[in-house]
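What follows is a set of notes on a single structure, which appears directly below.
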Amino acid sequence: MSTFAVVVFPGSNCDHDAYHAMKHVLGQEARFVWHKESSLDGADAVILPGGFSYGDYLRSGAIARFSPIMGEVARFAAAGGPVLGICNGFQVLLEAGLLPGGMRRNRRLKFICEHVHLRVEQTDTPFTRLAARGRVLRIPIAHGEGNYYADPETVAALEANRQIIFRYTAPDGSRDEAWNVNGSTAAIAGLCNAARNVVGMMPHPERACEAALGSEDGRVILESAVVALAAAAAGGVEQRAAAAQP
Amino acid sequence: MIDQQTIEAHGLTADEYQRVLEILGREPNLTELGIFSVMWSEHCSYKSSRLHLRKLPTRGPRVLQGPGENAGAVDIGDGLAAVFKIESHNHPSFIEPYQGAATGVGGIIRDIFTMGARPVALLDSLRFGSLDEPHTRRIAEGVVAGIAGYGNSIGIPTVGGEVAFDESYAGNPLVNVFCLGIAGADALILGRAEGAGNAVYYVGAKTGRDGIHGATMASAEFDEKSEEKRPNVQVGDPFFEKLLLEACLEVMRTDALVGIQDMGAAGLTCSTCEMGARGGSGIEIDVRRVPQRESGMTPYEIMLSESQERMLFIVRPGREAEVERIFEKWDLHAVRIGQVTGDGLLRVRDGGALVAEIPAKALADEAPLYDRPASPPADLPRRQALDPGALEPPPPAEALAALLSSPQIASKRWVYRQYDHMVRTNTVVPAGMGAGVVRVKGTGRALAFAVDGNGRYCYLDPYRGAQLAVAEAARNVACAGAVPIGATNCLNFGNPERPDIMWQLARAIDGIADACRALEIPVTGGNVSLYNETDGEAVHPTPVLGVVGVIEDARRVLGRTFRRAGAAVVLLGDATPELGGSEYLKRVHGLVRGQPPALDLERERALQRLVAGAAADALIESAHDCAEGGLAVTLAECCFQSGGIGVDAAISEPSGGGDRGAAAAALFGESASRVVVSVADGREGDLLARAAEAGVGALPIGRSGGDRYRLAVGGTTMIDAAVAELERVWERGLARYFEDEAA
Amino acid sequence: MKATVFVTLKPSILDPQGKTITEALHTLGYGSVRDVRQGKYFELDVDAADAEQARALAATVADKLLANPVIESYRVDVEG
Amino acid sequence: MKATVFVTLKPSILDPQGKTITEALHTLGYGSVRDVRQGKYFELDVDAADAEQARALAATVADKLLANPVIESYRVDVEG
Ligand SMILES: Nc1ncnc2c1ncn2[C@@H]1O[C@H](COP(=O)(O)OP(=O)(O)O)[C@@H](O)[C@H]1O
Ligand SMILES: [Mg+2]
């Protein structure tokens, strides 16, 4: 069993959801880590959950990146540890410079909460290794500032390095600007860093892990991490970084 | 000295001022006058409604806390309580839609966590004028964004609600918000100050000059002068309230508190005096110690400020440091501002100076009580007169399209899409699919709740209209598979000093009382919002009912849409041909006339039990109550959001004979106590047998399936249309006012 | 022609954004920033004959849409 | 001393807020407002010996927190 650290910023509000999914749905060890702490205490993976970390009146994630725990998260990521930023967690990763790009308000400015369709673009990350490439997942979004932006050179680099992990698509997986729900550059819904161990995504996989909630498509993302960690553990702790490689 | 003008400016009548003199045994100073004026405002004292509210049934085996505290509570099993209440923020939302609605959400959430409950869901009940008016669209946009802005940020899902449109709300929208929380049944925390010498603490946002006289504003009708009162609007800070919420819940787990109360309307005044009065003790505070956001605030201003996100609490002796530490963890500073005393007085100091001294109990409990004159509006007979035979009905398919595209009936997706309705991962019925339903983690149960009200019905007959609101809210909950166990209400009316309005209010309360008694649903609290008028024009009388129900087995939860093709469709309940007060009359004939639908509470109760029981035993797969738009609209809504499942249904010739008015009534009449269900495979016989046993009419009317909507009356096909086509009309009906097709 | 509309919350109104930023800056060690208030501004590119007309248009638009006079006040600047 | 920091999205980046406002204004009949871009500004009340120091402090704070250099640019004004 692996231990997932769920970081709690004062305005996090999907922390309990991530915890519930990891612990009660997937049967893993899960632990809350208060943002003022400076240790991840041996966790195997880190989840930065959704919410409004500091009210996010200025910019989503802008203040959270200065929380004491973020230094530790950066070190953990640099050492190859798997980190998943969901929604606000993704925004925090962008603000912290752990992932490239930035967020604007949604194209139509309104907050949007609904199920969307995501196409899995790459599978060689700890959070997608169980998914088939091209598979379309139905997972909810809930954000007002999820309109991802990166300049053309950055996008070209992301494409070249295969760092775009999820895209908003039509239900059949075809790309169509009408289904790019928030107006993101290149319909990007999620991406990873160059080392592929840090993944940020706007949709909420933890909200799509139980049939009672309307979709189980998010499980493949969280289960991928469980399998990746198990594989890494089997291969020796030092090789945790290798978890990212399929 | 206090002169006549000052007394009037504080909204106190001569008689009321006389009573102040009697209570004090002397003249009040200005601070004291201010304190009396807010405590005795309609908003805080319920002086016009209290007498009538006593008629509501408030007791029941499951009731843990009835009216009088910050919120009511009912036992939901497993040692847990559902804590819930509804609040209005009508006036502020007209002045500043975003912030008015947002702070309304903040206020009701505080009421819930003050009771020691973790808030788990919100519902909103909204009324606006006609969307053809640009100003109304702006108000609607702002209100919805404000509810979203606050609820989404603090992380409490808005899982449902209702919204309706009528010209009577153009200058006075209604914004009612319901919140439900879950607490340990034996861990409810009450708002009382006890134990002389115990410390009184203030925690939360600093006090500014916000909303001074907000409570009196909410008690006076709008006129041109209200423009000047505008700076009283407050800005909400959901992030700060989130800190307050988490910190308070953490403190409450320690049993270090004696009592806690949020500072809502009338701020520090109301919270100190009510806590003192409830605890039968006195309370003394020093306004100098109150954290202040602005400089130069007077004791008067500090006592009357309505700054948001503030709480007052009493700590057990010796536990102060522990409590302060928890607040520090959340970056909040709890400040000791006074202590509980034994002399029954509310005493306010400004450093060394005594600035107010008032008997707390008299201030809180001896507020004036009015039995205001009431008489029905002169034009009531004209309102209730309707001759359906004189109407020239359009072809049914056209009428259906008109109804589906009415913003009143159309999909509310434009609204709930802006609300995070999924956070906390408990929402087991998707938004827009019926009542709000959340599971209770750690138990097998779920809770269902709905808010309902129909101002048009109440305008035509407040007594029956209010009963219908109770029945519909409870029926919506039953349609989710739940047994209703408690209710709350928000009474939105005009100026009670007018006998016709007072009559509406009294009749509506009678209606709620009788309906709740018959349906055995105790009322555990509520809110009264009066003076909802602009330039002498009152809104339609609008009691909004919130009903909470329990589903023993969360896996048996139902939504309103068909789940598969080939299911038998059964109409439960009986229709009487009637069109009074219907959306059809309004939409198609431009009339608000007639008698609202008849209601037999015994039959209603039998129907609700039947539906909840059939759901629990998995006899049915979906249930949707027939409400606005009648059977024709209800059937269409069963098809919508189902992935395009159609229906083929037929009902018999209406009893009124062959005239076209009778056909319209059969299709679009809003007869109460009816539910359309789709039946589990092979269980139709069981369902019909049970219905017969319960004395509930049950009419198999057709089957789900195909991609068309077909409805025949007396052998004649009235409507035959592609579901996709109807659904598109319904999807755009509200959204078209706010966004172009592409969005 | 360019007109800029500056919108701020009226001085007595709580500014949660400014407050949160101030607190964050203090935590980060910038105690010498005593207070922050946040506002928004709008750069309008307008068709106008002269500065006066541009100013008038910007003010109308501010009244109508950009500012809510209940809690906000605004100021118009015209350049050139 | 007062320093003001103005933050906008970089010119090359589509500004959804500005675009929505422009469209709303056109719908309301203000076609002569050709384009709108929205920004935010921060009025800082700072402890500083002189204007230069205030400007430097404001710039530091803008770099650190008030602006996100990936998508935004900023400008500092010091008054007095
Ligand atoms: N203001 C609102 N906020 C959230 N959800 C809403 C709102 N208005 C309507 N809904 C949702 O849309 C659906 C249809 O609402 P309504 O037509 O009032 O249903 P019903 O006829 O069953 O009472 C319900 O699920 C309701 O919760
Ligand atoms: Mg309804």
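Going through the structure tokens in order, the chains are called A, B, and so on, while each chain numbers its residues from 1 and the ligands are numbered from 1 in the order shown.
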Is it possible to get the superposed chain D, fitted on chain C over all Cα pairs by sequence order, as a CSV table (one decimal) with N, CA, C and O atoms, in the first residue's frame?
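result-v9.csv, written as the output of this step:
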chain,number,residue,atom,x,y,z
D,1,MET,N,-9.2,56.6,-30.1
D,1,MET,CA,-8.7,57.3,-28.9
D,1,MET,C,-8.8,56.4,-27.7
D,1,MET,O,-9.6,55.5,-27.6
D,2,LYS,N,-7.9,56.6,-26.7
D,2,LYS,CA,-7.9,55.7,-25.6
D,2,LYS,C,-8.4,56.4,-24.3
D,2,LYS,O,-8.0,57.4,-24.0
D,3,ALA,N,-9.3,55.7,-23.7
D,3,ALA,CA,-9.8,56.2,-22.4
D,3,ALA,C,-9.7,55.1,-21.4
D,3,ALA,O,-9.8,53.9,-21.7
D,4,THR,N,-9.3,55.4,-20.2
D,4,THR,CA,-9.1,54.4,-19.2
D,4,THR,C,-10.1,54.7,-18.0
D,4,THR,O,-10.2,55.8,-17.5
D,5,VAL,N,-10.8,53.6,-17.6
D,5,VAL,CA,-11.7,53.7,-16.5
D,5,VAL,C,-11.2,52.9,-15.3
D,5,VAL,O,-10.8,51.8,-15.5
D,6,PHE,N,-11.0,53.6,-14.2
D,6,PHE,CA,-10.5,52.9,-13.0
D,6,PHE,C,-11.6,52.7,-12.0
D,6,PHE,O,-12.4,53.6,-11.7
D,7,VAL,N,-11.8,51.5,-11.5
D,7,VAL,CA,-12.9,51.2,-10.7
D,7,VAL,C,-12.4,50.6,-9.4
D,7,VAL,O,-11.6,49.6,-9.4
D,8,THR,N,-12.8,51.1,-8.2
D,8,THR,CA,-12.5,50.5,-6.9
D,8,THR,C,-13.7,50.4,-6.1
D,8,THR,O,-14.7,51.1,-6.2
D,9,LEU,N,-13.6,49.5,-5.1
D,9,LEU,CA,-14.7,49.5,-4.1
D,9,LEU,C,-14.6,50.9,-3.4
D,9,LEU,O,-13.5,51.4,-3.2
D,10,LYS,N,-15.7,51.4,-2.9
D,10,LYS,CA,-15.7,52.6,-2.2
D,10,LYS,C,-14.8,52.5,-0.9
D,10,LYS,O,-14.8,51.4,-0.3
D,11,PRO,N,-14.2,53.6,-0.6
D,11,PRO,CA,-13.2,53.5,0.5
D,11,PRO,C,-13.8,52.9,1.8
D,11,PRO,O,-13.1,52.2,2.6
D,12,SER,N,-15.1,53.1,2.1
D,12,SER,CA,-15.6,52.7,3.3
D,12,SER,C,-15.9,51.2,3.4
D,12,SER,O,-16.2,50.6,4.4
D,13,ILE,N,-15.8,50.5,2.2
D,13,ILE,CA,-16.1,49.1,2.1
D,13,ILE,C,-14.9,48.3,2.2
D,13,ILE,O,-13.9,48.5,1.6
D,14,LEU,N,-14.9,47.3,3.1
D,14,LEU,CA,-13.8,46.4,3.3
D,14,LEU,C,-13.5,45.7,2.0
D,14,LEU,O,-14.4,45.1,1.4
D,15,ASP,N,-12.3,45.6,1.6
D,15,ASP,CA,-11.9,45.0,0.3
D,15,ASP,C,-11.2,43.7,0.6
D,15,ASP,O,-10.1,43.6,1.0
D,16,PRO,N,-11.9,42.6,0.4
D,16,PRO,CA,-11.4,41.3,0.8
D,16,PRO,C,-10.1,40.9,0.0
D,16,PRO,O,-9.2,40.3,0.5
D,17,GLN,N,-10.0,41.4,-1.3
D,17,GLN,CA,-8.8,41.1,-2.1
D,17,GLN,C,-7.6,41.8,-1.5
D,17,GLN,O,-6.6,41.2,-1.3
D,18,GLY,N,-7.8,43.1,-1.3
D,18,GLY,CA,-6.7,43.9,-0.8
D,18,GLY,C,-6.2,43.4,0.6
D,18,GLY,O,-5.1,43.2,0.8
D,19,LYS,N,-7.2,43.0,1.4
D,19,LYS,CA,-6.9,42.5,2.7
D,19,LYS,C,-6.1,41.2,2.6
D,19,LYS,O,-5.0,41.0,3.3
D,20,THR,N,-6.5,40.3,1.8
D,20,THR,CA,-5.8,39.0,1.6
D,20,THR,C,-4.4,39.2,1.1
D,20,THR,O,-3.4,38.6,1.6
D,21,ILE,N,-4.2,40.2,0.1
D,21,ILE,CA,-2.9,40.4,-0.4
D,21,ILE,C,-2.0,41.0,0.7
D,21,ILE,O,-0.9,40.6,0.9
D,22,THR,N,-2.6,42.0,1.5
D,22,THR,CA,-1.8,42.6,2.5
D,22,THR,C,-1.3,41.5,3.5
D,22,THR,O,-0.1,41.5,3.8
D,23,GLU,N,-2.2,40.6,3.9
D,23,GLU,CA,-1.8,39.5,4.8
D,23,GLU,C,-0.7,38.6,4.2
D,23,GLU,O,0.3,38.3,4.8
D,24,ALA,N,-0.9,38.3,2.9
D,24,ALA,CA,0.1,37.5,2.2
D,24,ALA,C,1.4,38.2,2.2
D,24,ALA,O,2.5,37.5,2.5
D,25,LEU,N,1.4,39.5,2.0
D,25,LEU,CA,2.7,40.2,1.9
D,25,LEU,C,3.4,40.2,3.3
D,25,LEU,O,4.6,40.1,3.4
D,26,HIS,N,2.6,40.4,4.3
D,26,HIS,CA,3.1,40.4,5.6
D,26,HIS,C,3.8,39.0,6.0
D,26,HIS,O,4.9,39.0,6.5
D,27,THR,N,3.1,38.0,5.5
D,27,THR,CA,3.6,36.6,5.8
D,27,THR,C,5.0,36.5,5.0
D,27,THR,O,5.9,35.8,5.5
D,28,LEU,N,5.0,37.0,3.8
D,28,LEU,CA,6.2,36.9,3.0
D,28,LEU,C,7.3,37.8,3.5
D,28,LEU,O,8.4,37.9,3.0
D,29,GLY,N,7.0,38.6,4.6
D,29,GLY,CA,8.1,39.5,5.1
D,29,GLY,C,8.1,40.9,4.6
D,29,GLY,O,9.0,41.7,4.9
D,30,TYR,N,7.0,41.3,3.9
D,30,TYR,CA,7.0,42.7,3.4
D,30,TYR,C,6.1,43.5,4.3
D,30,TYR,O,5.0,44.0,3.9
D,31,GLY,N,6.5,43.6,5.6
D,31,GLY,CA,5.7,44.4,6.5
D,31,GLY,C,5.7,45.8,6.2
D,31,GLY,O,4.7,46.5,6.6
D,32,SER,N,6.6,46.3,5.4
D,32,SER,CA,6.6,47.7,5.1
D,32,SER,C,5.5,48.1,4.1
D,32,SER,O,5.3,49.3,3.8
D,33,VAL,N,4.8,47.1,3.5
D,33,VAL,CA,3.6,47.4,2.8
D,33,VAL,C,2.5,47.4,3.8
D,33,VAL,O,2.0,46.4,4.2
D,34,ARG,N,2.0,48.6,4.1
D,34,ARG,CA,1.1,48.7,5.2
D,34,ARG,C,-0.3,48.3,4.8
D,34,ARG,O,-1.0,47.6,5.6
D,35,ASP,N,-0.7,48.6,3.6
D,35,ASP,CA,-2.1,48.3,3.2
D,35,ASP,C,-2.1,48.2,1.7
D,35,ASP,O,-1.4,48.9,1.0
D,36,VAL,N,-3.0,47.4,1.2
D,36,VAL,CA,-3.2,47.2,-0.3
D,36,VAL,C,-4.7,47.3,-0.5
D,36,VAL,O,-5.5,46.7,0.2
D,37,ARG,N,-5.0,48.1,-1.6
D,37,ARG,CA,-6.4,48.0,-2.1
D,37,ARG,C,-6.3,47.6,-3.5
D,37,ARG,O,-5.5,48.1,-4.3
D,38,GLN,N,-7.3,46.8,-3.9
D,38,GLN,CA,-7.2,46.3,-5.3
D,38,GLN,C,-8.4,46.9,-6.1
D,38,GLN,O,-9.5,47.1,-5.6
D,39,GLY,N,-8.0,47.3,-7.3
D,39,GLY,CA,-9.1,47.8,-8.2
D,39,GLY,C,-8.9,47.2,-9.6
D,39,GLY,O,-8.0,46.4,-9.8
D,40,LYS,N,-9.8,47.6,-10.5
D,40,LYS,CA,-9.7,47.1,-11.8
D,40,LYS,C,-9.7,48.3,-12.8
D,40,LYS,O,-10.2,49.4,-12.4
D,41,TYR,N,-9.1,48.1,-13.9
D,41,TYR,CA,-9.2,49.2,-14.9
D,41,TYR,C,-9.5,48.7,-16.3
D,41,TYR,O,-9.2,47.5,-16.5
D,42,PHE,N,-10.0,49.5,-17.1
D,42,PHE,CA,-10.5,49.1,-18.4
D,42,PHE,C,-9.9,50.1,-19.4
D,42,PHE,O,-10.1,51.3,-19.3
D,43,GLU,N,-9.2,49.6,-20.3
D,43,GLU,CA,-8.7,50.4,-21.4
D,43,GLU,C,-9.7,50.4,-22.5
D,43,GLU,O,-9.8,49.3,-23.1
D,44,LEU,N,-10.3,51.5,-22.8
D,44,LEU,CA,-11.3,51.5,-23.9
D,44,LEU,C,-10.6,52.1,-25.1
D,44,LEU,O,-10.0,53.2,-25.1
D,45,ASP,N,-10.8,51.5,-26.2
D,45,ASP,CA,-10.4,52.0,-27.5
D,45,ASP,C,-11.7,52.6,-28.1
D,45,ASP,O,-12.6,51.8,-28.5
D,46,VAL,N,-11.8,53.9,-28.1
D,46,VAL,CA,-13.1,54.5,-28.6
D,46,VAL,C,-13.0,55.4,-29.8
D,46,VAL,O,-11.9,55.9,-30.1
D,47,ASP,N,-14.0,55.4,-30.6
D,47,ASP,CA,-14.2,56.3,-31.7
D,47,ASP,C,-14.7,57.6,-31.1
D,47,ASP,O,-15.9,57.7,-30.7
D,48,ALA,N,-13.9,58.6,-31.1
D,48,ALA,CA,-14.4,59.9,-30.5
D,48,ALA,C,-13.7,61.0,-31.2
D,48,ALA,O,-12.6,60.9,-31.7
D,49,ALA,N,-14.5,62.1,-31.4
D,49,ALA,CA,-13.9,63.3,-32.1
D,49,ALA,C,-12.8,64.0,-31.3
D,49,ALA,O,-11.8,64.4,-31.8
D,50,ASP,N,-13.0,64.0,-30.0
D,50,ASP,CA,-12.0,64.7,-29.2
D,50,ASP,C,-12.0,64.1,-27.8
D,50,ASP,O,-12.8,63.2,-27.4
D,51,ALA,N,-11.1,64.6,-27.0
D,51,ALA,CA,-10.9,64.0,-25.6
D,51,ALA,C,-12.2,64.1,-24.8
D,51,ALA,O,-12.5,63.2,-24.0
D,52,GLU,N,-12.8,65.2,-25.0
D,52,GLU,CA,-14.0,65.4,-24.2
D,52,GLU,C,-15.1,64.4,-24.5
D,52,GLU,O,-15.7,63.8,-23.6
D,53,GLN,N,-15.2,64.2,-25.8
D,53,GLN,CA,-16.2,63.2,-26.2
D,53,GLN,C,-15.9,61.8,-25.7
D,53,GLN,O,-16.7,61.0,-25.2
D,54,ALA,N,-14.6,61.5,-25.8
D,54,ALA,CA,-14.1,60.2,-25.3
D,54,ALA,C,-14.4,60.0,-23.8
D,54,ALA,O,-14.8,59.0,-23.3
D,55,ARG,N,-14.1,61.1,-23.1
D,55,ARG,CA,-14.3,61.1,-21.6
D,55,ARG,C,-15.8,60.8,-21.3
D,55,ARG,O,-16.1,60.0,-20.5
D,56,ALA,N,-16.6,61.6,-22.0
D,56,ALA,CA,-18.1,61.4,-21.8
D,56,ALA,C,-18.5,60.0,-22.1
D,56,ALA,O,-19.3,59.4,-21.3
D,57,LEU,N,-18.1,59.5,-23.2
D,57,LEU,CA,-18.5,58.1,-23.5
D,57,LEU,C,-18.0,57.1,-22.5
D,57,LEU,O,-18.8,56.2,-22.0
D,58,ALA,N,-16.8,57.3,-22.1
D,58,ALA,CA,-16.2,56.3,-21.1
D,58,ALA,C,-17.0,56.4,-19.8
D,58,ALA,O,-17.3,55.4,-19.1
D,59,ALA,N,-17.4,57.7,-19.4
D,59,ALA,CA,-18.1,57.8,-18.1
D,59,ALA,C,-19.5,57.2,-18.3
D,59,ALA,O,-20.0,56.5,-17.3
D,60,THR,N,-20.2,57.3,-19.4
D,60,THR,CA,-21.5,56.7,-19.6
D,60,THR,C,-21.4,55.2,-19.4
D,60,THR,O,-22.2,54.6,-18.7
D,61,VAL,N,-20.4,54.7,-20.1
D,61,VAL,CA,-20.2,53.2,-20.1
D,61,VAL,C,-19.8,52.7,-18.7
D,61,VAL,O,-20.3,51.7,-18.2
D,62,ALA,N,-19.1,53.6,-18.0
D,62,ALA,CA,-18.7,53.2,-16.6
D,62,ALA,C,-20.0,53.2,-15.7
D,62,ALA,O,-20.2,52.3,-14.9
D,63,ASP,N,-20.8,54.2,-15.9
D,63,ASP,CA,-22.1,54.3,-15.1
D,63,ASP,C,-22.9,53.1,-15.4
D,63,ASP,O,-23.6,52.5,-14.5
D,64,LYS,N,-23.1,52.8,-16.7
D,64,LYS,CA,-24.0,51.7,-17.1
D,64,LYS,C,-23.5,50.4,-16.7
D,64,LYS,O,-24.3,49.5,-16.2
D,65,LEU,N,-22.2,50.1,-16.9
D,65,LEU,CA,-21.8,48.7,-16.9
D,65,LEU,C,-20.5,48.5,-16.0
D,65,LEU,O,-20.5,47.5,-15.3
D,66,LEU,N,-19.5,49.3,-16.2
D,66,LEU,CA,-18.2,48.9,-15.7
D,66,LEU,C,-18.2,49.0,-14.1
D,66,LEU,O,-17.4,48.3,-13.5
D,67,ALA,N,-18.9,49.9,-13.6
D,67,ALA,CA,-18.9,50.1,-12.1
D,67,ALA,C,-20.3,49.9,-11.6
D,67,ALA,O,-21.3,50.2,-12.2
D,68,ASN,N,-20.4,49.3,-10.4
D,68,ASN,CA,-21.7,49.2,-9.7
D,68,ASN,C,-21.7,50.3,-8.6
D,68,ASN,O,-21.0,50.2,-7.6
D,69,PRO,N,-22.5,51.3,-8.8
D,69,PRO,CA,-22.5,52.5,-8.0
D,69,PRO,C,-22.8,52.2,-6.5
D,69,PRO,O,-22.5,53.0,-5.6
D,70,VAL,N,-23.4,51.0,-6.3
D,70,VAL,CA,-23.8,50.7,-4.9
D,70,VAL,C,-22.5,50.4,-4.1
D,70,VAL,O,-22.4,50.8,-2.9
D,71,ILE,N,-21.5,49.8,-4.7
D,71,ILE,CA,-20.3,49.5,-3.9
D,71,ILE,C,-19.0,50.1,-4.5
D,71,ILE,O,-18.0,50.1,-3.8
D,72,GLU,N,-19.1,50.6,-5.7
D,72,GLU,CA,-17.9,51.0,-6.3
D,72,GLU,C,-17.9,52.5,-6.8
D,72,GLU,O,-18.9,53.1,-7.0
D,73,SER,N,-16.7,53.0,-6.9
D,73,SER,CA,-16.6,54.3,-7.5
D,73,SER,C,-15.6,54.2,-8.6
D,73,SER,O,-14.8,53.3,-8.7
D,74,TYR,N,-15.7,55.2,-9.6
D,74,TYR,CA,-14.7,55.1,-10.7
D,74,TYR,C,-14.2,56.5,-11.1
D,74,TYR,O,-14.7,57.6,-10.6
D,75,ARG,N,-13.2,56.5,-11.9
D,75,ARG,CA,-12.5,57.7,-12.3
D,75,ARG,C,-12.1,57.4,-13.8
D,75,ARG,O,-11.8,56.3,-14.2
D,76,VAL,N,-12.2,58.4,-14.6
D,76,VAL,CA,-11.9,58.3,-16.1
D,76,VAL,C,-10.6,59.1,-16.4
D,76,VAL,O,-10.5,60.2,-16.0
D,77,ASP,N,-9.8,58.5,-17.2
D,77,ASP,CA,-8.6,59.2,-17.7
D,77,ASP,C,-8.6,59.2,-19.2
D,77,ASP,O,-8.8,58.1,-19.8
D,78,VAL,N,-8.3,60.3,-19.9
D,78,VAL,CA,-8.2,60.2,-21.3
D,78,VAL,C,-6.8,60.7,-21.7
D,78,VAL,O,-6.3,61.6,-21.2
D,79,GLU,N,-6.3,59.9,-22.6
D,79,GLU,CA,-4.9,60.1,-23.0
D,79,GLU,C,-4.9,60.8,-24.4
D,79,GLU,O,-5.7,60.4,-25.2
D,80,GLY,N,-4.1,61.7,-24.6
D,80,GLY,CA,-4.0,62.3,-26.0
D,80,GLY,C,-5.2,63.2,-26.1
D,80,GLY,O,-5.8,63.2,-27.2
Please, which residues have at least one atom within 8 Å of an atom of ligand 1, using only C-alpha atoms and all ligand atoms, listed as a VMD selection string?
chain B and resid 123 to 126 144 158 to 163 408 to 413 415 to 416 419 430 to 436 450 to 452 472 to 473 476 560 624 to 628
Correct to one decimal, the distance CA of Tyr46 (chain B)-CA of Ala506 (chain B) is 13.1 Å
Could you make a table, as CSV, of the residues of chain A that have an atom within 7 Å of an atom of chain B, each with its nearest atom pair and distance in Å to one decimal, counting only C-alpha atoms, in chain and number order?
residue,atom,partner,partner_atom,distance
A:Pro10,CA,B:Leu243,CA,6.6
A:Gly11,CA,B:Phe239,CA,6.2
A:Asn13,CA,B:Gly155,CA,5.1
A:Cys14,CA,B:Arg424,CA,6.5
A:His16,CA,B:Arg424,CA,6.9
A:Asp17,CA,B:Arg424,CA,5.6
A:Gly51,CA,B:Ser153,CA,6.8
A:Phe52,CA,B:Ser153,CA,5.8
A:Tyr54,CA,B:Phe239,CA,6.6
A:Gly55,CA,B:Phe239,CA,4.6
A:Lys110,CA,B:Gln418,CA,6.5
A:Phe111,CA,B:Gln418,CA,4.9
A:Ile112,CA,B:Gln418,CA,5.0
A:Cys113,CA,B:Arg417,CA,5.1
A:Glu114,CA,B:Arg417,CA,6.4
A:Ala142,CA,B:Asp420,CA,6.0
A:Arg207,CA,B:Thr425,CA,5.9
A:Ala212,CA,B:Val428,CA,5.8
A:Leu213,CA,B:Val428,CA,5.3
Quick one: residues within 6 Å of region 604-612 of chain B, only C-alpha atoms counted, chain neighbours fewer than 5 positions away excluded, as a VMD selection string?
chain B and resid 475 478 481 to 482 519 673
All heavy atoms of the current selection, written as a short mmCIF file (atom, residue, chain, number, x, y, z; two decimals), in the first residue's frame:
data_model
loop_
_atom_site.label_atom_id
_atom_site.label_comp_id
_atom_site.auth_asym_id
_atom_site.auth_seq_id
_atom_site.Cartn_x
_atom_site.Cartn_y
_atom_site.Cartn_z
N ARG B 475 -43.42 16.45 -1.99
CA ARG B 475 -43.58 15.50 -3.09
C ARG B 475 -42.27 15.37 -3.87
O ARG B 475 -41.87 14.27 -4.27
CB ARG B 475 -44.70 15.98 -4.02
CG ARG B 475 -45.31 14.91 -4.88
CD ARG B 475 -46.34 15.50 -5.84
NE ARG B 475 -47.30 16.36 -5.17
CZ ARG B 475 -47.63 17.59 -5.62
NH1 ARG B 475 -47.10 18.08 -6.71
NH2 ARG B 475 -48.50 18.31 -4.95
N ALA B 478 -40.20 13.14 -1.90
CA ALA B 478 -40.68 11.77 -2.00
C ALA B 478 -40.29 11.16 -3.35
O ALA B 478 -39.98 9.97 -3.44
CB ALA B 478 -42.20 11.73 -1.81
N GLY B 481 -37.29 9.37 -3.50
CA GLY B 481 -37.30 8.12 -2.73
C GLY B 481 -37.22 8.34 -1.23
O GLY B 481 -36.98 7.42 -0.48
N ALA B 482 -37.46 9.59 -0.81
CA ALA B 482 -37.25 9.92 0.61
C ALA B 482 -38.57 10.08 1.35
O ALA B 482 -39.59 10.42 0.78
CB ALA B 482 -36.45 11.21 0.73
N LEU B 519 -49.47 16.37 6.77
CA LEU B 519 -48.43 15.53 6.18
C LEU B 519 -47.42 15.06 7.23
O LEU B 519 -46.46 14.37 6.91
CB LEU B 519 -47.70 16.29 5.06
CG LEU B 519 -48.57 16.73 3.88
CD1 LEU B 519 -47.76 17.54 2.87
CD2 LEU B 519 -49.20 15.53 3.18
N SER B 673 -50.89 16.54 -6.45
CA SER B 673 -50.84 15.15 -5.99
C SER B 673 -50.77 14.14 -7.13
O SER B 673 -51.48 13.15 -7.15
CB SER B 673 -52.06 14.82 -5.11
OG SER B 673 -52.26 15.83 -4.16
#
What are the DSSP helix (DSSP H, G or I) residues of region 2-245 of chain A, as a ChimeraX atom specification?
/A:15-25,64-66,68-78,88-95,152-160,177-179,185-187,205-207,211-213,219-234,237-244
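If we count only C-alpha atoms, these residues of chain B sit within 12 Å of chain D: Pro134, His135, Arg138, Phe738, Glu739 and Asp740 of chain B.
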Serialized selection, C-alpha atoms, as an mmCIF file, in the first residue's frame:
data_model
loop_
_atom_site.group_PDB
_atom_site.id
_atom_site.type_symbol
_atom_site.label_atom_id
_atom_site.label_comp_id
_atom_site.auth_asym_id
_atom_site.auth_seq_id
_atom_site.Cartn_x
_atom_site.Cartn_y
_atom_site.Cartn_z
ATOM 1 C CA PRO B 134 -32.300 44.184 -19.400
ATOM 2 C CA HIS B 135 -32.217 45.326 -15.792
ATOM 3 C CA ARG B 138 -28.469 41.989 -14.901
ATOM 4 C CA PHE B 738 -27.981 35.316 -21.487
ATOM 5 C CA GLU B 739 -25.847 33.729 -24.138
ATOM 6 C CA ASP B 740 -25.839 33.194 -27.860
#
